[in-house]
$ cat work-v1.txt   # compact mmCIF, C-alpha atoms
# COMPACT_ATOMS: atom_id res chain seq x y z
CA MET A 1 -5.05 -3.45 20.34
CA SER A 2 -5.02 -5.35 17.08
CA THR A 3 -1.69 -6.57 15.73
CA HIS A 4 -3.09 -7.05 12.23
CA PHE A 5 -5.55 -4.21 11.57
CA MET A 6 -4.81 -0.47 11.66
CA PRO A 7 -6.51 2.58 10.16
CA ALA A 8 -3.68 3.89 7.98
CA ALA A 9 -4.03 7.56 8.78
CA GLN A 10 -4.10 6.94 12.54
CA ALA A 11 -0.31 7.22 12.84
CA ALA A 12 0.00 10.44 10.81
CA SER A 13 1.80 13.31 12.49
CA PHE A 14 3.31 16.55 11.28
CA ARG A 15 6.14 18.85 12.22
CA THR A 16 6.77 22.37 11.03
CA GLU A 17 10.55 21.78 10.76
CA LYS A 18 10.52 18.82 8.36
CA ALA A 19 8.60 15.87 6.95
CA THR A 20 7.91 13.02 9.39
CA LYS A 21 7.86 9.24 9.15
CA ALA A 22 5.98 6.61 11.11
CA ASP A 23 6.43 2.86 11.14
CA LEU A 24 3.23 0.80 10.79
CA PHE A 25 4.36 -2.81 10.32
CA ARG A 26 7.68 -4.51 9.76
CA GLY A 27 8.50 -8.12 8.87
CA ARG A 28 11.44 -9.96 7.35
CA GLY A 29 10.18 -9.36 3.83
CA LEU A 30 8.23 -6.14 3.95
CA PHE A 31 8.04 -2.77 5.71
CA LEU A 32 5.00 -0.45 5.83
CA GLY A 33 4.93 3.10 7.11
CA LEU A 34 3.70 6.64 6.57
CA ASN A 35 5.41 9.72 5.15
CA CYS A 36 3.74 12.96 6.27
CA PHE A 37 4.40 16.37 4.77
CA GLU A 38 3.26 19.84 5.59
CA ARG A 39 2.77 22.09 2.57
CA GLY A 40 6.15 23.05 1.14
CA GLN A 41 8.06 20.15 2.70
CA SER A 42 10.04 17.67 0.62
CA GLN A 43 11.97 14.40 0.61
CA PRO A 44 15.35 14.58 -1.17
CA LEU A 45 15.94 12.40 -4.19
CA HIS A 46 17.43 9.11 -2.97
CA THR A 47 17.93 5.50 -4.04
CA HIS A 48 17.45 2.15 -2.33
CA ALA A 49 19.93 -0.47 -3.47
CA SER A 50 18.26 -3.86 -3.89
CA ALA A 51 14.86 -2.83 -2.49
CA ASP A 52 11.64 -1.95 -4.30
CA LYS A 53 9.45 0.77 -2.82
CA PHE A 54 5.99 2.15 -3.37
CA TYR A 55 4.09 5.18 -2.20
CA PHE A 56 0.30 5.34 -2.08
CA VAL A 57 -1.13 8.81 -1.62
CA LEU A 58 -3.76 8.85 1.12
CA SER A 59 -4.47 12.59 1.11
CA GLY A 60 -3.08 15.86 -0.13
CA LYS A 61 -1.10 16.71 -3.25
CA ALA A 62 2.61 16.64 -4.06
CA ARG A 63 5.06 16.83 -6.95
CA MET A 64 7.05 13.59 -7.05
CA ARG A 65 9.92 12.33 -9.11
CA VAL A 66 10.91 8.75 -9.99
CA GLY A 67 13.77 8.28 -12.45
CA ASP A 68 13.15 10.71 -15.31
CA GLU A 69 9.43 11.10 -14.56
CA THR A 70 7.86 13.90 -12.57
CA GLN A 71 4.15 13.98 -11.72
CA ILE A 72 1.78 15.80 -9.44
CA VAL A 73 0.10 13.12 -7.37
CA ALA A 74 -3.05 13.14 -5.25
CA ALA A 75 -5.17 10.68 -3.27
CA GLY A 76 -5.43 7.29 -4.95
CA MET A 77 -2.14 7.41 -6.87
CA VAL A 78 0.39 4.57 -6.62
CA VAL A 79 4.03 5.54 -7.18
CA TRP A 80 6.48 2.72 -7.93
CA ALA A 81 10.19 3.25 -7.23
CA PRO A 82 12.08 0.09 -8.27
CA GLU A 83 15.42 -0.82 -6.74
CA ASP A 84 18.25 1.49 -7.75
CA VAL A 85 15.96 4.14 -9.30
CA PRO A 86 16.26 7.61 -7.71
CA HIS A 87 13.01 8.96 -6.29
CA GLY A 88 11.74 11.65 -3.98
CA VAL A 89 9.06 14.16 -3.14
CA GLU A 90 10.08 17.44 -4.71
CA GLU A 91 7.40 19.46 -2.94
CA ALA A 92 4.19 18.88 -1.03
CA LEU A 93 1.65 21.28 -2.51
CA GLU A 94 -0.73 20.64 0.39
CA ARG A 95 -0.51 18.78 3.71
CA THR A 96 0.04 15.27 2.36
CA VAL A 97 0.03 11.75 3.81
CA MET A 98 1.45 8.74 1.95
CA LEU A 99 1.44 5.07 2.79
CA VAL A 100 4.88 3.72 1.89
CA GLY A 101 6.16 0.17 1.64
CA MET A 102 9.51 -1.39 0.94
CA GLY A 103 10.60 -4.95 0.21
CA PRO A 104 12.93 -6.02 1.61
CA PRO A 105 12.71 -3.65 4.61
CA PRO A 106 15.32 -0.91 5.12
CA MET B 1 2.20 5.66 -20.35
CA SER B 2 4.06 6.11 -17.09
CA THR B 3 6.06 3.21 -15.70
CA HIS B 4 6.13 4.70 -12.20
CA PHE B 5 2.75 6.36 -11.59
CA MET B 6 -0.67 4.70 -11.70
CA PRO B 7 -4.09 5.56 -10.22
CA ALA B 8 -4.64 2.50 -8.03
CA ALA B 9 -8.27 1.90 -8.86
CA GLN B 10 -7.65 2.10 -12.62
CA ALA B 11 -6.95 -1.62 -12.88
CA ALA B 12 -9.99 -2.74 -10.87
CA SER B 13 -12.30 -5.22 -12.55
CA PHE B 14 -15.05 -7.50 -11.36
CA ARG B 15 -16.53 -10.85 -12.29
CA THR B 16 -19.77 -12.35 -11.12
CA GLU B 17 -18.23 -15.84 -10.82
CA LYS B 18 -15.42 -15.04 -8.40
CA ALA B 19 -13.07 -12.43 -6.98
CA THR B 20 -10.48 -11.04 -9.40
CA LYS B 21 -6.84 -10.02 -9.12
CA ALA B 22 -4.77 -7.54 -11.10
CA ASP B 23 -1.00 -7.01 -11.10
CA LEU B 24 0.14 -3.41 -10.76
CA PHE B 25 3.92 -3.57 -10.27
CA ARG B 26 6.43 -6.34 -9.67
CA GLY B 27 10.12 -6.19 -8.74
CA ARG B 28 12.63 -8.55 -7.20
CA GLY B 29 11.69 -7.47 -3.69
CA LEU B 30 8.07 -6.41 -3.85
CA PHE B 31 4.78 -7.09 -5.63
CA LEU B 32 1.78 -4.76 -5.79
CA GLY B 33 -1.67 -5.60 -7.09
CA LEU B 34 -5.42 -5.33 -6.58
CA ASN B 35 -7.95 -7.75 -5.16
CA CYS B 36 -11.50 -6.99 -6.32
CA PHE B 37 -14.65 -8.49 -4.83
CA GLU B 38 -18.29 -8.27 -5.70
CA ARG B 39 -20.62 -8.37 -2.70
CA GLY B 40 -20.68 -11.88 -1.24
CA GLN B 41 -17.38 -12.97 -2.77
CA SER B 42 -14.50 -14.24 -0.64
CA GLN B 43 -10.86 -15.26 -0.60
CA PRO B 44 -10.17 -18.56 1.19
CA LEU B 45 -7.94 -18.55 4.24
CA HIS B 46 -4.36 -19.16 3.06
CA THR B 47 -0.76 -18.73 4.17
CA HIS B 48 2.36 -17.41 2.47
CA ALA B 49 5.53 -19.12 3.65
CA SER B 50 8.37 -16.63 4.08
CA ALA B 51 6.51 -13.63 2.65
CA ASP B 52 4.83 -10.71 4.41
CA LYS B 53 1.65 -9.32 2.90
CA PHE B 54 -0.56 -6.32 3.40
CA TYR B 55 -3.99 -5.27 2.20
CA PHE B 56 -5.11 -1.65 2.05
CA VAL B 57 -8.83 -1.17 1.56
CA LEU B 58 -9.51 1.36 -1.21
CA SER B 59 -13.30 1.08 -1.23
CA GLY B 60 -16.12 -1.10 0.00
CA LYS B 61 -16.46 -3.20 3.13
CA ALA B 62 -15.44 -6.76 3.98
CA ARG B 63 -15.01 -9.16 6.88
CA MET B 64 -11.39 -10.25 7.02
CA ARG B 65 -9.44 -12.68 9.12
CA VAL B 66 -5.74 -12.72 10.02
CA GLY B 67 -4.58 -15.33 12.51
CA ASP B 68 -7.10 -15.33 15.35
CA GLU B 69 -8.44 -11.85 14.56
CA THR B 70 -11.55 -11.07 12.53
CA GLN B 71 -12.57 -7.52 11.66
CA ILE B 72 -14.91 -5.71 9.33
CA VAL B 73 -12.71 -3.41 7.28
CA ALA B 74 -13.53 -0.39 5.13
CA ALA B 75 -11.68 2.27 3.15
CA GLY B 76 -8.49 3.41 4.85
CA MET B 77 -7.77 0.21 6.79
CA VAL B 78 -4.39 -1.50 6.58
CA VAL B 79 -4.39 -5.27 7.18
CA TRP B 80 -1.04 -6.90 7.96
CA ALA B 81 -0.60 -10.63 7.29
CA PRO B 82 2.92 -11.64 8.38
CA GLU B 83 4.68 -14.66 6.91
CA ASP B 84 3.15 -17.97 7.92
CA VAL B 85 -0.01 -16.44 9.41
CA PRO B 86 -3.27 -17.62 7.80
CA HIS B 87 -5.38 -14.82 6.34
CA GLY B 88 -8.28 -14.30 4.00
CA VAL B 89 -11.40 -12.37 3.13
CA GLU B 90 -14.33 -14.19 4.68
CA GLU B 91 -16.93 -12.12 2.88
CA ALA B 92 -17.16 -8.88 0.95
CA LEU B 93 -20.17 -7.04 2.39
CA GLU B 94 -20.13 -4.58 -0.54
CA ARG B 95 -18.26 -4.36 -3.83
CA THR B 96 -14.72 -3.98 -2.46
CA VAL B 97 -11.31 -3.07 -3.88
CA MET B 98 -8.07 -3.66 -1.99
CA LEU B 99 -4.51 -2.71 -2.82
CA VAL B 100 -2.33 -5.68 -1.87
CA GLY B 101 1.42 -6.01 -1.58
CA MET B 102 3.79 -8.85 -0.85
CA GLY B 103 7.50 -8.97 -0.11
CA PRO B 104 9.16 -10.97 -1.45
CA PRO B 105 6.82 -11.39 -4.48
CA PRO B 106 4.85 -14.60 -5.01
$ encode --input "work-v1.txt" --output "C-alpha cells"
Amino acid sequence: MSTHFMPAAQAASFRTEKATKADLFRGRGLFLGLNCFERGQSQPLHTHASADKFYFVLSGKARMRVGDETQIVAAGMVVWAPEDVPHGVEEALERTVMLVGMGPPP
Amino acid sequence: MSTHFMPAAQAASFRTEKATKADLFRGRGLFLGLNCFERGQSQPLHTHASADKFYFVLSGKARMRVGDETQIVAAGMVVWAPEDVPHGVEEALERTVMLVGMGPPP
C-alpha cells in the first residue's frame, strides 16, 4: 500500500447516530482527514486555538458557518477557518464528504 | 466577497511558458493554494524542510513522485509529501489543477 497516495473518498464511512471522522495523513506540521455526514447531521460550532483549518467539499451539500458568515456549500468549495474563528457544519442537506486539514495538527 | 468561502477552481490560471501557482488562503499555521499545469508541464523534484505538504487533484491527470513512489494521479487523489521527502510533478498528462496545502506555510 502506498504511504503517499490515497484516493480521498476511500476512507469515507457513515453512521446513522452521528457524523464520522477519518484520519488520512498526519505529520508534525499538518493533519489531513475526512468529515462524513449523513443528511441532517451536523458539527457543532467550535474553535481551534492557534491552528488554521480548511474544509474542501468532495461531495454532497451542507450549510456551514465560519465567523459571521453562513453559506451552503457543495463539491468544489474551499472553506477557510482561521485560528480562533468559530466554525461548524450547521446541517448536512445531503450525504456529504469533506476533506479537512489543520496546521498545526490537533 | 467572502473571506471564508471560495470555489477552489475559481483561481486557476494557465500559462504556456510554465506551471502557475495561486494563493488561496494563508494563516500562521497553514497555507492553501493551487498548482496549475498545462499538458506537458512539470514541477521539479524539491523538498520542504520542516513542513508537511499535500496535493489534492481537482482535475486532469499527472505523473507525480514522492520519495521512491511514482504514480499517475487524477481527480480525487490525495498526495502526501511529508517534511524532508522529495516530491514533484514529473509531467502533467493533461491540463491539471491541484489544490495544495502546507503546514507550516512557506
$ closest_residue --input "work-v1.txt" --among "A:Gly101, A:Gly40, A:Gly67, A:Gly27" --to "Val85 of chain A" --atoms "all atoms listed in the file"
A:Gly67
$ calpha_fit_and_write --input "work-v1.txt" --fixed "chain A" --moving "chain B" --output "short mmCIF file (atom, residue, chain, number, x, y, z; two decimals) with C-alpha atoms, in the coordinates of the input"
data_model
loop_
_atom_site.label_atom_id
_atom_site.label_comp_id
_atom_site.auth_asym_id
_atom_site.auth_seq_id
_atom_site.Cartn_x
_atom_site.Cartn_y
_atom_site.Cartn_z
CA MET B 1 -5.08 -3.44 20.33
CA SER B 2 -5.01 -5.37 17.09
CA THR B 3 -1.68 -6.57 15.73
CA HIS B 4 -3.08 -7.05 12.22
CA PHE B 5 -5.54 -4.21 11.57
CA MET B 6 -4.82 -0.48 11.66
CA PRO B 7 -6.51 2.60 10.15
CA ALA B 8 -3.67 3.90 7.97
CA ALA B 9 -4.03 7.57 8.78
CA GLN B 10 -4.10 6.94 12.54
CA ALA B 11 -0.33 7.22 12.83
CA ALA B 12 -0.01 10.43 10.80
CA SER B 13 1.78 13.31 12.48
CA PHE B 14 3.29 16.55 11.28
CA ARG B 15 6.14 18.84 12.22
CA THR B 16 6.77 22.35 11.03
CA GLU B 17 10.54 21.75 10.77
CA LYS B 18 10.51 18.82 8.36
CA ALA B 19 8.60 15.87 6.95
CA THR B 20 7.90 13.02 9.38
CA LYS B 21 7.85 9.24 9.13
CA ALA B 22 5.97 6.62 11.11
CA ASP B 23 6.42 2.84 11.14
CA LEU B 24 3.24 0.81 10.78
CA PHE B 25 4.37 -2.80 10.33
CA ARG B 26 7.69 -4.52 9.77
CA GLY B 27 8.50 -8.14 8.87
CA ARG B 28 11.44 -9.97 7.37
CA GLY B 29 10.18 -9.36 3.84
CA LEU B 30 8.23 -6.13 3.96
CA PHE B 31 8.03 -2.76 5.72
CA LEU B 32 5.01 -0.46 5.84
CA GLY B 33 4.92 3.10 7.11
CA LEU B 34 3.71 6.65 6.57
CA ASN B 35 5.41 9.71 5.14
CA CYS B 36 3.75 12.95 6.27
CA PHE B 37 4.41 16.37 4.76
CA GLU B 38 3.26 19.84 5.60
CA ARG B 39 2.78 22.09 2.58
CA GLY B 40 6.17 23.04 1.14
CA GLN B 41 8.06 20.14 2.70
CA SER B 42 10.04 17.67 0.61
CA GLN B 43 11.96 14.41 0.61
CA PRO B 44 15.34 14.58 -1.16
CA LEU B 45 15.93 12.40 -4.19
CA HIS B 46 17.43 9.10 -2.97
CA THR B 47 17.95 5.51 -4.05
CA HIS B 48 17.45 2.16 -2.33
CA ALA B 49 19.93 -0.47 -3.47
CA SER B 50 18.25 -3.85 -3.89
CA ALA B 51 14.87 -2.82 -2.50
CA ASP B 52 11.63 -1.95 -4.29
CA LYS B 53 9.46 0.77 -2.82
CA PHE B 54 5.99 2.14 -3.36
CA TYR B 55 4.09 5.19 -2.20
CA PHE B 56 0.30 5.35 -2.08
CA VAL B 57 -1.12 8.82 -1.63
CA LEU B 58 -3.76 8.85 1.12
CA SER B 59 -4.46 12.59 1.11
CA GLY B 60 -3.07 15.86 -0.13
CA LYS B 61 -1.10 16.71 -3.25
CA ALA B 62 2.61 16.63 -4.07
CA ARG B 63 5.07 16.81 -6.95
CA MET B 64 7.05 13.59 -7.05
CA ARG B 65 9.92 12.31 -9.12
CA VAL B 66 10.91 8.74 -9.98
CA GLY B 67 13.75 8.27 -12.45
CA ASP B 68 13.13 10.69 -15.31
CA GLU B 69 9.42 11.10 -14.55
CA THR B 70 7.85 13.92 -12.56
CA GLN B 71 4.15 14.00 -11.72
CA ILE B 72 1.78 15.81 -9.42
CA VAL B 73 0.10 13.11 -7.37
CA ALA B 74 -3.05 13.14 -5.24
CA ALA B 75 -5.16 10.69 -3.27
CA GLY B 76 -5.43 7.30 -4.95
CA MET B 77 -2.14 7.41 -6.86
CA VAL B 78 0.38 4.58 -6.61
CA VAL B 79 4.03 5.54 -7.18
CA TRP B 80 6.47 2.72 -7.92
CA ALA B 81 10.18 3.26 -7.22
CA PRO B 82 12.07 0.10 -8.28
CA GLU B 83 15.43 -0.81 -6.77
CA ASP B 84 18.25 1.51 -7.77
CA VAL B 85 15.97 4.16 -9.30
CA PRO B 86 16.26 7.62 -7.71
CA HIS B 87 13.00 8.96 -6.29
CA GLY B 88 11.73 11.64 -3.98
CA VAL B 89 9.06 14.17 -3.15
CA GLU B 90 10.08 17.46 -4.71
CA GLU B 91 7.40 19.45 -2.95
CA ALA B 92 4.19 18.86 -1.04
CA LEU B 93 1.66 21.28 -2.52
CA GLU B 94 -0.74 20.63 0.39
CA ARG B 95 -0.50 18.79 3.70
CA THR B 96 0.05 15.26 2.36
CA VAL B 97 0.04 11.74 3.80
CA MET B 98 1.45 8.75 1.94
CA LEU B 99 1.44 5.07 2.80
CA VAL B 100 4.88 3.72 1.89
CA GLY B 101 6.16 0.18 1.63
CA MET B 102 9.52 -1.39 0.94
CA GLY B 103 10.59 -4.95 0.24
CA PRO B 104 12.94 -6.03 1.60
CA PRO B 105 12.72 -3.64 4.62
CA PRO B 106 15.31 -0.91 5.15
#
$ interface_residues --input "work-v1.txt" --of "chain B" --to "chain A" --cutoff "7 Å" --atoms "only C-alpha atoms" --output "mmCIF file with C-alpha atoms, in the coordinates of the input"
data_model
loop_
_atom_site.group_PDB
_atom_site.id
_atom_site.type_symbol
_atom_site.label_atom_id
_atom_site.label_comp_id
_atom_site.auth_asym_id
_atom_site.auth_seq_id
_atom_site.Cartn_x
_atom_site.Cartn_y
_atom_site.Cartn_z
ATOM 1 C CA HIS B 4 6.130 4.700 -12.200
ATOM 2 C CA PHE B 5 2.750 6.360 -11.590
ATOM 3 C CA MET B 6 -0.670 4.700 -11.700
ATOM 4 C CA PRO B 7 -4.090 5.560 -10.220
ATOM 5 C CA ALA B 8 -4.640 2.500 -8.030
ATOM 6 C CA GLY B 27 10.120 -6.190 -8.740
ATOM 7 C CA GLY B 29 11.690 -7.470 -3.690
ATOM 8 C CA LEU B 30 8.070 -6.410 -3.850
ATOM 9 C CA ALA B 51 6.510 -13.630 2.650
ATOM 10 C CA ASP B 52 4.830 -10.710 4.410
ATOM 11 C CA VAL B 66 -5.740 -12.720 10.020
ATOM 12 C CA GLY B 76 -8.490 3.410 4.850
ATOM 13 C CA MET B 77 -7.770 0.210 6.790
ATOM 14 C CA VAL B 78 -4.390 -1.500 6.580
ATOM 15 C CA VAL B 79 -4.390 -5.270 7.180
ATOM 16 C CA TRP B 80 -1.040 -6.900 7.960
ATOM 17 C CA ALA B 81 -0.600 -10.630 7.290
ATOM 18 C CA PRO B 82 2.920 -11.640 8.380
ATOM 19 C CA GLY B 103 7.500 -8.970 -0.110
ATOM 20 C CA PRO B 104 9.160 -10.970 -1.450
#
$ atom_distance --input "work-v1.txt" --atom1 "atom CA of Val100 of chain B" --atom2 "atom CA of Ser13 of chain A"
24.2 Å
$ residues_around --input "work-v1.txt" --residues "Val89 of chain B" --least-positions-apart "4" --cutoff "8 Å" --atoms "all atoms listed in the file" --output "MDAnalysis selection string"
chainID B and resid 42:45 62:65
$ residues_around --input "work-v1.txt" --residues "Leu34 of chain A" --least-positions-apart "5" --cutoff "7 Å" --atoms "only C-alpha atoms" --output "list of chain:residue names"
A:Ala12, A:Lys21, A:Ala22, A:Asp23, A:Val97, A:Met98, A:Leu99, A:Val100
$ atom_distance --input "work-v1.txt" --atom1 "atom CA of Pro106 of chain B" --atom2 "atom CA of Glu90 of chain B"
21.5 Å
$ atom_distance --input "work-v1.txt" --atom1 "atom CA of Thr47 of chain A" --atom2 "atom CA of Glu17 of chain A"
23.2 Å
$ residues_around --input "work-v1.txt" --residues "Cys36 of chain A" --least-positions-apart "4" --cutoff "6 Å" --atoms "all atoms listed in the file" --output "JSON, numbers by chain"
{"A": [19, 20, 96, 97]}
$ write_last_selection --input "work-v1.txt" --atoms "C-alpha atoms" --output "short mmCIF file (atom, residue, chain, number, x, y, z; two decimals), in the frame of the given file"
data_model
loop_
_atom_site.label_atom_id
_atom_site.label_comp_id
_atom_site.auth_asym_id
_atom_site.auth_seq_id
_atom_site.Cartn_x
_atom_site.Cartn_y
_atom_site.Cartn_z
CA ALA A 19 8.60 15.87 6.95
CA THR A 20 7.91 13.02 9.39
CA THR A 96 0.04 15.27 2.36
CA VAL A 97 0.03 11.75 3.81
#
$ build_atoms --input "work-v1.txt" --residues "segment 63-83 of chain A" --atoms "N, CA and C atoms" --output "PDB file, in the frame of the given file"
ATOM      1  N   ARG A  63       4.328  17.057  -5.701  1.00  0.00           N
ATOM      2  CA  ARG A  63       5.060  16.830  -6.950  1.00  0.00           C
ATOM      3  C   ARG A  63       6.174  15.833  -6.639  1.00  0.00           C
ATOM      4  N   MET A  64       6.107  14.679  -7.318  1.00  0.00           N
ATOM      5  CA  MET A  64       7.050  13.590  -7.050  1.00  0.00           C
ATOM      6  C   MET A  64       7.892  13.287  -8.278  1.00  0.00           C
ATOM      7  N   ARG A  65       9.052  12.743  -8.016  1.00  0.00           N
ATOM      8  CA  ARG A  65       9.920  12.330  -9.110  1.00  0.00           C
ATOM      9  C   ARG A  65      10.378  10.898  -8.903  1.00  0.00           C
ATOM     10  N   VAL A  66      10.326  10.095  -9.982  1.00  0.00           N
ATOM     11  CA  VAL A  66      10.910   8.750  -9.990  1.00  0.00           C
ATOM     12  C   VAL A  66      11.664   8.615 -11.306  1.00  0.00           C
ATOM     13  N   GLY A  67      12.963   8.352 -11.227  1.00  0.00           N
ATOM     14  CA  GLY A  67      13.770   8.280 -12.450  1.00  0.00           C
ATOM     15  C   GLY A  67      13.648   9.585 -13.206  1.00  0.00           C
ATOM     16  N   ASP A  68      13.279   9.503 -14.484  1.00  0.00           N
ATOM     17  CA  ASP A  68      13.150  10.710 -15.310  1.00  0.00           C
ATOM     18  C   ASP A  68      11.740  11.276 -15.323  1.00  0.00           C
ATOM     19  N   GLU A  69      10.828  10.668 -14.541  1.00  0.00           N
ATOM     20  CA  GLU A  69       9.430  11.100 -14.560  1.00  0.00           C
ATOM     21  C   GLU A  69       9.097  11.979 -13.369  1.00  0.00           C
ATOM     22  N   THR A  70       8.374  13.037 -13.632  1.00  0.00           N
ATOM     23  CA  THR A  70       7.860  13.900 -12.570  1.00  0.00           C
ATOM     24  C   THR A  70       6.354  14.021 -12.740  1.00  0.00           C
ATOM     25  N   GLN A  71       5.607  13.836 -11.646  1.00  0.00           N
ATOM     26  CA  GLN A  71       4.150  13.980 -11.720  1.00  0.00           C
ATOM     27  C   GLN A  71       3.627  14.634 -10.460  1.00  0.00           C
ATOM     28  N   ILE A  72       2.516  15.327 -10.607  1.00  0.00           N
ATOM     29  CA  ILE A  72       1.780  15.800  -9.440  1.00  0.00           C
ATOM     30  C   ILE A  72       0.795  14.705  -9.055  1.00  0.00           C
ATOM     31  N   VAL A  73       0.895  14.253  -7.824  1.00  0.00           N
ATOM     32  CA  VAL A  73       0.100  13.120  -7.370  1.00  0.00           C
ATOM     33  C   VAL A  73      -0.893  13.567  -6.314  1.00  0.00           C
ATOM     34  N   ALA A  74      -2.010  12.858  -6.245  1.00  0.00           N
ATOM     35  CA  ALA A  74      -3.050  13.140  -5.250  1.00  0.00           C
ATOM     36  C   ALA A  74      -3.615  11.816  -4.752  1.00  0.00           C
ATOM     37  N   ALA A  75      -4.622  11.880  -3.895  1.00  0.00           N
ATOM     38  CA  ALA A  75      -5.170  10.680  -3.270  1.00  0.00           C
ATOM     39  C   ALA A  75      -5.531   9.630  -4.303  1.00  0.00           C
ATOM     40  N   GLY A  76      -5.101   8.388  -4.061  1.00  0.00           N
ATOM     41  CA  GLY A  76      -5.430   7.290  -4.950  1.00  0.00           C
ATOM     42  C   GLY A  76      -4.311   6.914  -5.902  1.00  0.00           C
ATOM     43  N   MET A  77      -3.235   7.695  -5.935  1.00  0.00           N
ATOM     44  CA  MET A  77      -2.140   7.410  -6.870  1.00  0.00           C
ATOM     45  C   MET A  77      -1.116   6.461  -6.233  1.00  0.00           C
ATOM     46  N   VAL A  78      -0.724   5.441  -7.001  1.00  0.00           N
ATOM     47  CA  VAL A  78       0.390   4.570  -6.620  1.00  0.00           C
ATOM     48  C   VAL A  78       1.643   5.062  -7.337  1.00  0.00           C
ATOM     49  N   VAL A  79       2.735   5.148  -6.602  1.00  0.00           N
ATOM     50  CA  VAL A  79       4.030   5.540  -7.180  1.00  0.00           C
ATOM     51  C   VAL A  79       5.004   4.390  -6.924  1.00  0.00           C
ATOM     52  N   TRP A  80       5.625   3.901  -7.997  1.00  0.00           N
ATOM     53  CA  TRP A  80       6.480   2.720  -7.930  1.00  0.00           C
ATOM     54  C   TRP A  80       7.934   3.142  -8.145  1.00  0.00           C
ATOM     55  N   ALA A  81       8.772   2.897  -7.148  1.00  0.00           N
ATOM     56  CA  ALA A  81      10.190   3.250  -7.230  1.00  0.00           C
ATOM     57  C   ALA A  81      11.008   1.961  -7.128  1.00  0.00           C
ATOM     58  N   PRO A  82      11.357   1.375  -8.284  1.00  0.00           N
ATOM     59  CA  PRO A  82      12.080   0.090  -8.270  1.00  0.00           C
ATOM     60  C   PRO A  82      13.481   0.254  -7.682  1.00  0.00           C
ATOM     61  N   GLU A  83      14.067  -0.851  -7.296  1.00  0.00           N
ATOM     62  CA  GLU A  83      15.420  -0.820  -6.740  1.00  0.00           C
ATOM     63  C   GLU A  83      16.343  -0.020  -7.661  1.00  0.00           C
TER      64      GLU A  83
END
